[in-house]
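Following: one structure in structure tokens, then a few remarks.
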Amino acid sequence: MARIKRPRKILNPPSIKGFKPYGSDADLRSADPVTVLFEEYEALRLSDYDRLNHHQASIMMGVSRPTFTRIYAAALQKIAIAFVEGRKIAIEGGKVYFDSEWHHCNACGCYFNQPDKNIANPLCPLCGSEKISDYEFSGSPQYSRFSDGKCKCPECEYEQAHQPGLPCKAQACPQCGHAMIRAGAPRRNHKTKQR
Amino acid sequence: MRIAMASTGNSLEAKIDTSFGRCAWFVIYDTSNGGIEFIPNPTKGVEDHAGQSAVEFIKERNVSKIISGDFGLKIKPMLDSLNIQMIVVNDNTLTIHHIIQLLKKEES
Ligand SMILES: [Zn+2]
Ligand SMILES: [Zn+2]
């Protein structure tokens with residue numbers, strides 16, 4: 001049976017659609033572009049721009065370490081082909097989704113994400129207010145009410161101090177490598193007031 | 001545009017449910033004609049993956065936003081890949097009626 005291909009997480013879509021070579025006969029040669037998939041772009045970005053190791057990068061993308069290494073190798077090979085053969089690079093396709101950012105409305109207090117990356121300064125989708133601040137938390141808004149605290153490994157129970165602004169699940173357990181979660185994360189309906 | 005809400009009941013006086021996957025009812029509000037539809041949540045009593053099942057159910061309704069009191073951790077990637085916006089209301093006392101009034105005001 002065919003394996004279901006899970007969509008891969010991309011934190012930021014590339015700001016451009018690709019690259020064009022220049023030089024004497026560049027136009028002739030660049031007729032047939034090399035296609036770098038979004039996930040390959042992301043693997044390269046995480047590894048060589050953000051300088052994460054492959055283990056951390058694989059967690060960020062929600063894929064296994066061997067899968068990450070395969071995606072990364074494909075990215076490098078395609079870029080090498082484009083460089084050597086003087087071909088265009090098109091960045092497109094692949095089974096990916098963009099990990100949207102969270103926002104907080106200071107007027108009605110709601111939290112919302114913005115899946116459409118083309119909207120830079122969203123208004124509150126509920127009350128229409130312009131008083132929007134960016135919001136950073138791991139997964140569920142209810143977790144965010146505890147901006148300090150600890151990350152815990154769900155595998156081996158290892159705990160470490162939470163780094164504000166860095167999602168717990170983006171952290172790898174130093175003991176066993178599992179993605180961390182927020183320690184003692186409350187589920188819902190707790191009455192803690194924010195601020 | 002069609003907007004789904006997690007509701008505690010099947011009336012306008014019901015409140016926004018604090019769970020998306022296990023809410024009692026879904027309310028679908030259509031901003032183009034003001035239509036309001038109440039649908040019992042088939043995943044309410046599901047043991048595991050209620051959130052994911054609820055997404056599967058609700059995406060068939062062609063909604064572009066979902067309003068709830070909270071969402072499970074695993075839901076965001078699914079909704080991101082479907083381009084569905086999540087709105088988490090901070091006030092659990094808000095009724096469906098309130099929310100629709102807000103949305104109407106926001107539309108105009
Ligand atoms: Zn608002
Ligand atoms: Zn561990």
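Residue numbering restarts at 1 in every chain; chains get A, B, ... in the order shown in the structure tokens, and ligands count up from 1 in that same order.
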Selection within 10 Å of ligand 2 by only C-alpha atoms and all ligand atoms, output as a count of residues only: 17
Enumerate residues in contact with ligand 1: an atom-to-atom distance of at most 12 Å, counting only C-alpha atoms and all ligand atoms. Format the result as a PDB file with N, CA, C and O atoms, in the first residue's frame.
```
ATOM      1  N   HIS A 103      -2.108  36.077  16.281  1.00  0.00           N
ATOM      2  CA  HIS A 103      -2.258  37.488  16.631  1.00  0.00           C
ATOM      3  C   HIS A 103      -3.244  37.596  17.788  1.00  0.00           C
ATOM      4  O   HIS A 103      -4.065  36.713  17.997  1.00  0.00           O
ATOM      5  N   HIS A 104      -3.159  38.690  18.487  1.00  0.00           N
ATOM      6  CA  HIS A 104      -4.053  38.937  19.614  1.00  0.00           C
ATOM      7  C   HIS A 104      -4.737  40.280  19.408  1.00  0.00           C
ATOM      8  O   HIS A 104      -4.081  41.260  19.065  1.00  0.00           O
ATOM      9  N   CYS A 105      -6.059  40.286  19.595  1.00  0.00           N
ATOM     10  CA  CYS A 105      -6.799  41.547  19.468  1.00  0.00           C
ATOM     11  C   CYS A 105      -6.890  42.191  20.835  1.00  0.00           C
ATOM     12  O   CYS A 105      -7.425  41.606  21.773  1.00  0.00           O
ATOM     13  N   ASN A 106      -6.371  43.416  20.944  1.00  0.00           N
ATOM     14  CA  ASN A 106      -6.388  44.102  22.242  1.00  0.00           C
ATOM     15  C   ASN A 106      -7.756  44.706  22.545  1.00  0.00           C
ATOM     16  O   ASN A 106      -8.004  45.127  23.662  1.00  0.00           O
ATOM     17  N   ALA A 107      -8.625  44.736  21.551  1.00  0.00           N
ATOM     18  CA  ALA A 107      -9.957  45.307  21.788  1.00  0.00           C
ATOM     19  C   ALA A 107     -10.916  44.259  22.353  1.00  0.00           C
ATOM     20  O   ALA A 107     -11.504  44.453  23.408  1.00  0.00           O
ATOM     21  N   CYS A 108     -11.074  43.123  21.663  1.00  0.00           N
ATOM     22  CA  CYS A 108     -12.045  42.129  22.148  1.00  0.00           C
ATOM     23  C   CYS A 108     -11.370  40.958  22.853  1.00  0.00           C
ATOM     24  O   CYS A 108     -12.034  40.110  23.431  1.00  0.00           O
ATOM     25  N   GLY A 109     -10.044  40.914  22.809  1.00  0.00           N
ATOM     26  CA  GLY A 109      -9.325  39.891  23.546  1.00  0.00           C
ATOM     27  C   GLY A 109      -9.191  38.548  22.845  1.00  0.00           C
ATOM     28  O   GLY A 109      -8.659  37.603  23.416  1.00  0.00           O
ATOM     29  N   CYS A 110      -9.670  38.449  21.611  1.00  0.00           N
ATOM     30  CA  CYS A 110      -9.587  37.151  20.930  1.00  0.00           C
ATOM     31  C   CYS A 110      -8.184  36.915  20.384  1.00  0.00           C
ATOM     32  O   CYS A 110      -7.373  37.836  20.293  1.00  0.00           O
ATOM     33  N   TYR A 111      -7.902  35.665  20.073  1.00  0.00           N
ATOM     34  CA  TYR A 111      -6.663  35.278  19.418  1.00  0.00           C
ATOM     35  C   TYR A 111      -7.030  34.736  18.050  1.00  0.00           C
ATOM     36  O   TYR A 111      -8.056  34.077  17.908  1.00  0.00           O
ATOM     37  N   PHE A 112      -6.226  35.003  17.057  1.00  0.00           N
ATOM     38  CA  PHE A 112      -6.518  34.430  15.744  1.00  0.00           C
ATOM     39  C   PHE A 112      -5.233  34.243  14.975  1.00  0.00           C
ATOM     40  O   PHE A 112      -4.234  34.891  15.230  1.00  0.00           O
ATOM     41  N   PRO A 122      -3.268  42.205   9.605  1.00  0.00           N
ATOM     42  CA  PRO A 122      -4.679  41.825   9.636  1.00  0.00           C
ATOM     43  C   PRO A 122      -5.468  42.631  10.667  1.00  0.00           C
ATOM     44  O   PRO A 122      -4.921  43.062  11.682  1.00  0.00           O
ATOM     45  N   LEU A 123      -6.732  42.832  10.386  1.00  0.00           N
ATOM     46  CA  LEU A 123      -7.655  43.400  11.367  1.00  0.00           C
ATOM     47  C   LEU A 123      -8.250  42.243  12.157  1.00  0.00           C
ATOM     48  O   LEU A 123      -8.217  41.099  11.719  1.00  0.00           O
ATOM     49  N   CYS A 124      -8.825  42.550  13.311  1.00  0.00           N
ATOM     50  CA  CYS A 124      -9.462  41.495  14.088  1.00  0.00           C
ATOM     51  C   CYS A 124     -10.629  40.918  13.292  1.00  0.00           C
ATOM     52  O   CYS A 124     -11.510  41.656  12.857  1.00  0.00           O
ATOM     53  N   PRO A 125     -10.657  39.603  13.080  1.00  0.00           N
ATOM     54  CA  PRO A 125     -11.725  38.998  12.282  1.00  0.00           C
ATOM     55  C   PRO A 125     -13.056  38.976  13.029  1.00  0.00           C
ATOM     56  O   PRO A 125     -14.094  38.699  12.430  1.00  0.00           O
ATOM     57  N   LEU A 126     -13.018  39.292  14.305  1.00  0.00           N
ATOM     58  CA  LEU A 126     -14.239  39.247  15.103  1.00  0.00           C
ATOM     59  C   LEU A 126     -14.831  40.644  15.264  1.00  0.00           C
ATOM     60  O   LEU A 126     -15.998  40.879  14.953  1.00  0.00           O
ATOM     61  N   CYS A 127     -14.020  41.599  15.716  1.00  0.00           N
ATOM     62  CA  CYS A 127     -14.574  42.925  16.019  1.00  0.00           C
ATOM     63  C   CYS A 127     -14.079  43.989  15.052  1.00  0.00           C
ATOM     64  O   CYS A 127     -14.515  45.135  15.116  1.00  0.00           O
ATOM     65  N   GLY A 128     -13.131  43.646  14.182  1.00  0.00           N
ATOM     66  CA  GLY A 128     -12.672  44.604  13.184  1.00  0.00           C
ATOM     67  C   GLY A 128     -11.639  45.596  13.694  1.00  0.00           C
ATOM     68  O   GLY A 128     -11.228  46.490  12.969  1.00  0.00           O
ATOM     69  N   SER A 129     -11.207  45.436  14.938  1.00  0.00           N
ATOM     70  CA  SER A 129     -10.254  46.384  15.523  1.00  0.00           C
ATOM     71  C   SER A 129      -8.900  46.326  14.817  1.00  0.00           C
ATOM     72  O   SER A 129      -8.502  45.302  14.275  1.00  0.00           O
ATOM     73  N   GLU A 130      -8.203  47.471  14.852  1.00  0.00           N
ATOM     74  CA  GLU A 130      -6.847  47.524  14.283  1.00  0.00           C
ATOM     75  C   GLU A 130      -5.800  47.292  15.355  1.00  0.00           C
ATOM     76  O   GLU A 130      -4.615  47.225  15.059  1.00  0.00           O
ATOM     77  N   LYS A 131      -6.243  47.226  16.611  1.00  0.00           N
ATOM     78  CA  LYS A 131      -5.285  47.094  17.721  1.00  0.00           C
ATOM     79  C   LYS A 131      -4.875  45.632  17.883  1.00  0.00           C
ATOM     80  O   LYS A 131      -5.384  44.900  18.727  1.00  0.00           O
ATOM     81  N   ILE A 132      -3.961  45.224  17.019  1.00  0.00           N
ATOM     82  CA  ILE A 132      -3.560  43.824  16.962  1.00  0.00           C
ATOM     83  C   ILE A 132      -2.098  43.712  17.362  1.00  0.00           C
ATOM     84  O   ILE A 132      -1.258  44.476  16.898  1.00  0.00           O
ATOM     85  N   SER A 133      -1.796  42.777  18.240  1.00  0.00           N
ATOM     86  CA  SER A 133      -0.384  42.523  18.518  1.00  0.00           C
ATOM     87  C   SER A 133      -0.045  41.088  18.129  1.00  0.00           C
ATOM     88  O   SER A 133      -0.921  40.222  18.101  1.00  0.00           O
TER      89      SER A 133
ATOM     90  N   ILE B  87     -10.146  31.351  15.148  1.00  0.00           N
ATOM     91  CA  ILE B  87     -10.368  32.494  16.035  1.00  0.00           C
ATOM     92  C   ILE B  87     -10.710  31.937  17.419  1.00  0.00           C
ATOM     93  O   ILE B  87     -11.645  31.155  17.564  1.00  0.00           O
ATOM     94  N   VAL B  88      -9.918  32.323  18.403  1.00  0.00           N
ATOM     95  CA  VAL B  88     -10.114  31.821  19.760  1.00  0.00           C
ATOM     96  C   VAL B  88     -10.691  32.953  20.595  1.00  0.00           C
ATOM     97  O   VAL B  88     -10.015  33.939  20.855  1.00  0.00           O
ATOM     98  N   VAL B  89     -11.959  32.831  20.984  1.00  0.00           N
ATOM     99  CA  VAL B  89     -12.529  33.916  21.788  1.00  0.00           C
ATOM    100  C   VAL B  89     -12.030  33.779  23.218  1.00  0.00           C
ATOM    101  O   VAL B  89     -11.863  32.680  23.735  1.00  0.00           O
ATOM    102  N   ASN B  90     -11.781  34.903  23.831  1.00  0.00           N
ATOM    103  CA  ASN B  90     -11.180  34.919  25.155  1.00  0.00           C
ATOM    104  C   ASN B  90     -12.252  34.941  26.233  1.00  0.00           C
ATOM    105  O   ASN B  90     -11.975  34.756  27.399  1.00  0.00           O
ATOM    106  N   ASP B  91     -13.501  35.196  25.824  1.00  0.00           N
ATOM    107  CA  ASP B  91     -14.579  35.382  26.776  1.00  0.00           C
ATOM    108  C   ASP B  91     -15.588  34.252  26.606  1.00  0.00           C
ATOM    109  O   ASP B  91     -16.354  34.211  25.656  1.00  0.00           O
ATOM    110  N   ILE B  99     -21.680  36.802  18.944  1.00  0.00           N
ATOM    111  CA  ILE B  99     -20.642  36.624  17.926  1.00  0.00           C
ATOM    112  C   ILE B  99     -21.169  37.046  16.550  1.00  0.00           C
ATOM    113  O   ILE B  99     -20.496  37.756  15.801  1.00  0.00           O
ATOM    114  N   LEU B 102     -21.242  40.708  16.247  1.00  0.00           N
ATOM    115  CA  LEU B 102     -19.889  41.221  16.009  1.00  0.00           C
ATOM    116  C   LEU B 102     -19.506  41.048  14.535  1.00  0.00           C
ATOM    117  O   LEU B 102     -18.993  41.964  13.906  1.00  0.00           O
ATOM    118  N   LEU B 103     -19.792  39.858  14.012  1.00  0.00           N
ATOM    119  CA  LEU B 103     -19.406  39.564  12.629  1.00  0.00           C
ATOM    120  C   LEU B 103     -20.178  40.455  11.653  1.00  0.00           C
ATOM    121  O   LEU B 103     -19.637  40.906  10.656  1.00  0.00           O
ATOM    122  N   LYS B 105     -21.313  43.458  12.289  1.00  0.00           N
ATOM    123  CA  LYS B 105     -20.766  44.806  12.404  1.00  0.00           C
ATOM    124  C   LYS B 105     -19.436  44.891  11.649  1.00  0.00           C
ATOM    125  O   LYS B 105     -19.135  45.882  10.999  1.00  0.00           O
ATOM    126  N   GLU B 106     -18.685  43.811  11.751  1.00  0.00           N
ATOM    127  CA  GLU B 106     -17.365  43.786  11.121  1.00  0.00           C
ATOM    128  C   GLU B 106     -17.498  43.796   9.603  1.00  0.00           C
ATOM    129  O   GLU B 106     -16.695  44.389   8.902  1.00  0.00           O
TER     130      GLU B 106
END
```
Option closest in space to chain B, from A:Leu37, A:Ala82, A:Ile59, A:Ile10 [counting only C-alpha atoms]: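 With only C-alpha atoms as the atom set, the closest residue is A:Ile10.
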Atomic distance CA of Gln52 (chain B) - CA of Leu46 (chain A), expressed in Å with one decimal: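 Straight-line distance from CA of Gln52 (chain B) to CA of Leu46 (chain A) works out to 28.0 Å.
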Do you have, as a tab-separated table, the list of residues of chain B lying at most 12 Å from chain A, each with its nearest atom pair and that distance in Å to one decimal, counting only C-alpha atoms and ordered by chain then number?
```
residue	atom	partner	partner_atom	distance
B:Ile3	CA	A:Pro125	CA	10.7
B:Met5	CA	A:Leu126	CA	11.9
B:Asp17	CA	A:Asn189	CA	10.4
B:Thr18	CA	A:Asn189	CA	7.2
B:Ser19	CA	A:Arg188	CA	8.1
B:Phe20	CA	A:Arg188	CA	11.4
B:Ser64	CA	A:Pro115	CA	10.0
B:Lys65	CA	A:Pro125	CA	8.9
B:Ile66	CA	A:Phe112	CA	9.7
B:Ile67	CA	A:Leu126	CA	9.0
B:Ser68	CA	A:Cys110	CA	10.0
B:Gly69	CA	A:Arg188	CA	8.8
B:Asp70	CA	A:Ser140	CA	7.2
B:Phe71	CA	A:Ser140	CA	6.3
B:Gly72	CA	A:Ser140	CA	6.4
B:Leu73	CA	A:Gly139	CA	5.0
B:Lys74	CA	A:Gly139	CA	7.8
B:Ile75	CA	A:Gly139	CA	8.7
B:Lys76	CA	A:Gly139	CA	7.2
B:Pro77	CA	A:Asp99	CA	6.8
B:Met78	CA	A:Tyr97	CA	8.5
B:Leu79	CA	A:Pro115	CA	8.4
B:Asp80	CA	A:Pro115	CA	5.8
B:Ser81	CA	A:Tyr97	CA	4.6
B:Leu82	CA	A:Tyr97	CA	8.3
B:Asn83	CA	A:Pro115	CA	5.4
B:Ile84	CA	A:Pro115	CA	6.7
B:Gln85	CA	A:Asn113	CA	6.0
B:Met86	CA	A:Phe112	CA	5.5
B:Ile87	CA	A:Phe112	CA	4.3
B:Val88	CA	A:Tyr111	CA	4.9
B:Val89	CA	A:Cys110	CA	4.5
B:Asn90	CA	A:Cys110	CA	5.0
B:Asp91	CA	A:Gly109	CA	7.6
B:Asn92	CA	A:Asn189	CA	8.8
B:Thr93	CA	A:Asn189	CA	11.8
B:Leu94	CA	A:Cys108	CA	11.0
B:His98	CA	A:Leu126	CA	10.4
B:Ile99	CA	A:Leu126	CA	7.5
B:Ile100	CA	A:Leu126	CA	9.0
B:Gln101	CA	A:Cys127	CA	9.4
B:Leu102	CA	A:Cys127	CA	5.6
B:Leu103	CA	A:Leu126	CA	5.7
B:Lys104	CA	A:Cys127	CA	9.2
B:Lys105	CA	A:Cys127	CA	7.4
B:Glu106	CA	A:Gly128	CA	5.2
B:Glu107	CA	A:Gly128	CA	8.4
B:Ser108	CA	A:Gly128	CA	10.0
```
Selection to disk with C-alpha atoms, as a compact mmCIF listing (two decimals), in the first residue's frame:
```
# COMPACT_ATOMS: atom_id res chain seq x y z
CA ILE B 3 -17.94 30.77 9.33
CA MET B 5 -18.61 28.22 15.46
CA ASP B 17 -17.93 26.00 23.40
CA THR B 18 -14.53 25.76 25.05
CA SER B 19 -13.70 22.72 22.91
CA PHE B 20 -13.72 22.53 19.13
CA SER B 64 -13.09 29.77 5.83
CA LYS B 65 -13.04 30.59 9.56
CA ILE B 66 -13.71 28.64 12.75
CA ILE B 67 -14.53 30.31 16.05
CA SER B 68 -14.07 28.35 19.28
CA GLY B 69 -13.04 28.76 22.90
CA ASP B 70 -9.96 26.63 22.29
CA PHE B 71 -8.41 24.30 19.75
CA GLY B 72 -6.35 21.18 20.30
CA LEU B 73 -2.65 21.21 19.51
CA LYS B 74 -2.85 18.98 16.47
CA ILE B 75 -5.51 20.98 14.69
CA LYS B 76 -3.53 24.00 13.61
CA PRO B 77 -1.40 22.23 10.97
CA MET B 78 -4.56 20.73 9.46
CA LEU B 79 -6.37 24.06 9.34
CA ASP B 80 -3.28 25.86 8.07
CA SER B 81 -3.03 23.42 5.19
CA LEU B 82 -6.74 23.99 4.44
CA ASN B 83 -6.35 27.76 4.70
CA ILE B 84 -8.98 27.97 7.40
CA GLN B 85 -8.57 30.74 9.95
CA MET B 86 -8.85 29.95 13.68
CA ILE B 87 -10.37 32.49 16.03
CA VAL B 88 -10.11 31.82 19.76
CA VAL B 89 -12.53 33.92 21.79
CA ASN B 90 -11.18 34.92 25.15
CA ASP B 91 -14.58 35.38 26.78
CA ASN B 92 -16.43 32.13 27.41
CA THR B 93 -19.65 33.94 28.26
CA LEU B 94 -20.14 35.17 24.68
CA HIS B 98 -23.16 38.09 20.32
CA ILE B 99 -20.64 36.62 17.93
CA ILE B 100 -22.95 36.97 14.94
CA GLN B 101 -23.65 40.59 15.90
CA LEU B 102 -19.89 41.22 16.01
CA LEU B 103 -19.41 39.56 12.63
CA LYS B 104 -22.26 41.57 11.10
CA LYS B 105 -20.77 44.81 12.40
CA GLU B 106 -17.37 43.79 11.12
CA GLU B 107 -18.80 43.03 7.67
CA SER B 108 -20.53 46.38 7.23
```
Against region 7-10 of chain B, which residues of region 20-40 of chain B fall within 10 Å? For each one I want the closest pair of atoms and the distance in Å (one decimal), counting only C-alpha atoms, rows by chain and increasing residue number, as a Markdown table.
```
| residue | atom | partner | partner_atom | distance |
| --- | --- | --- | --- | --- |
| B:Phe20 | CA | B:Ser7 | CA | 8.6 |
| B:Arg22 | CA | B:Thr8 | CA | 9.7 |
| B:Cys23 | CA | B:Ser7 | CA | 6.1 |
| B:Ala24 | CA | B:Thr8 | CA | 5.2 |
| B:Trp25 | CA | B:Ser7 | CA | 5.0 |
| B:Phe26 | CA | B:Ser7 | CA | 5.7 |
| B:Val27 | CA | B:Ser7 | CA | 6.6 |
| B:Glu37 | CA | B:Asn10 | CA | 9.1 |
| B:Phe38 | CA | B:Asn10 | CA | 5.9 |
| B:Ile39 | CA | B:Asn10 | CA | 7.9 |
| B:Pro40 | CA | B:Asn10 | CA | 8.0 |
```
Strand (DSSP E or B) call set, DSSP backbone run, chain B, as number ranges by chain: B: 2-7, 15-16, 25-30, 36-40, 65-68, 85-88, 95
Close residues, Phe57 (chain B) itself excluded, 9 Å, only C-alpha atoms, min 5 positions apart in chain, as a PyMOL selection string: chain B and resi 41-43+52
Dump of C-alpha atoms for the selected residues, as a CSV table (one decimal), in the first residue's frame:
```
chain,number,residue,atom,x,y,z
B,41,ASN,CA,-21.3,17.5,16.3
B,42,PRO,CA,-20.8,13.9,15.2
B,43,THR,CA,-17.4,13.8,16.9
B,52,GLN,CA,-9.0,15.9,13.7
```
DSSP alpha helix (DSSP H) residues within region 2-179 of chain A, as number ranges by chain: A: 26-29, 38-44, 54-61, 65-85, 141-144
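The coordinates place CA of Ile89 (chain A) at 15.4 Å from CA of Gly23 (chain A).
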All residues 9 Å or closer to Phe68 (chain A), only C-alpha atoms, same chain fewer than 3 positions away omitted, as a ChimeraX atom specification: /A:43,54-55,57-58,61,63-65,71-73
Close residues, Arg2 (chain B) itself excluded, 10 Å, only C-alpha atoms, min 3 positions apart in chain, as a VMD selection string: chain B and resid 28 to 36 61 to 66
Point-to-point distance in Å for CA of Leu76 (chain A) and CA of Pro21 (chain A): 17.0 Å
Residue nearest Gln171 (chain A) among A:Cys151, A:Ile119, A:Glu85, A:Gly93 (counting only C-alpha atoms): A:Cys151
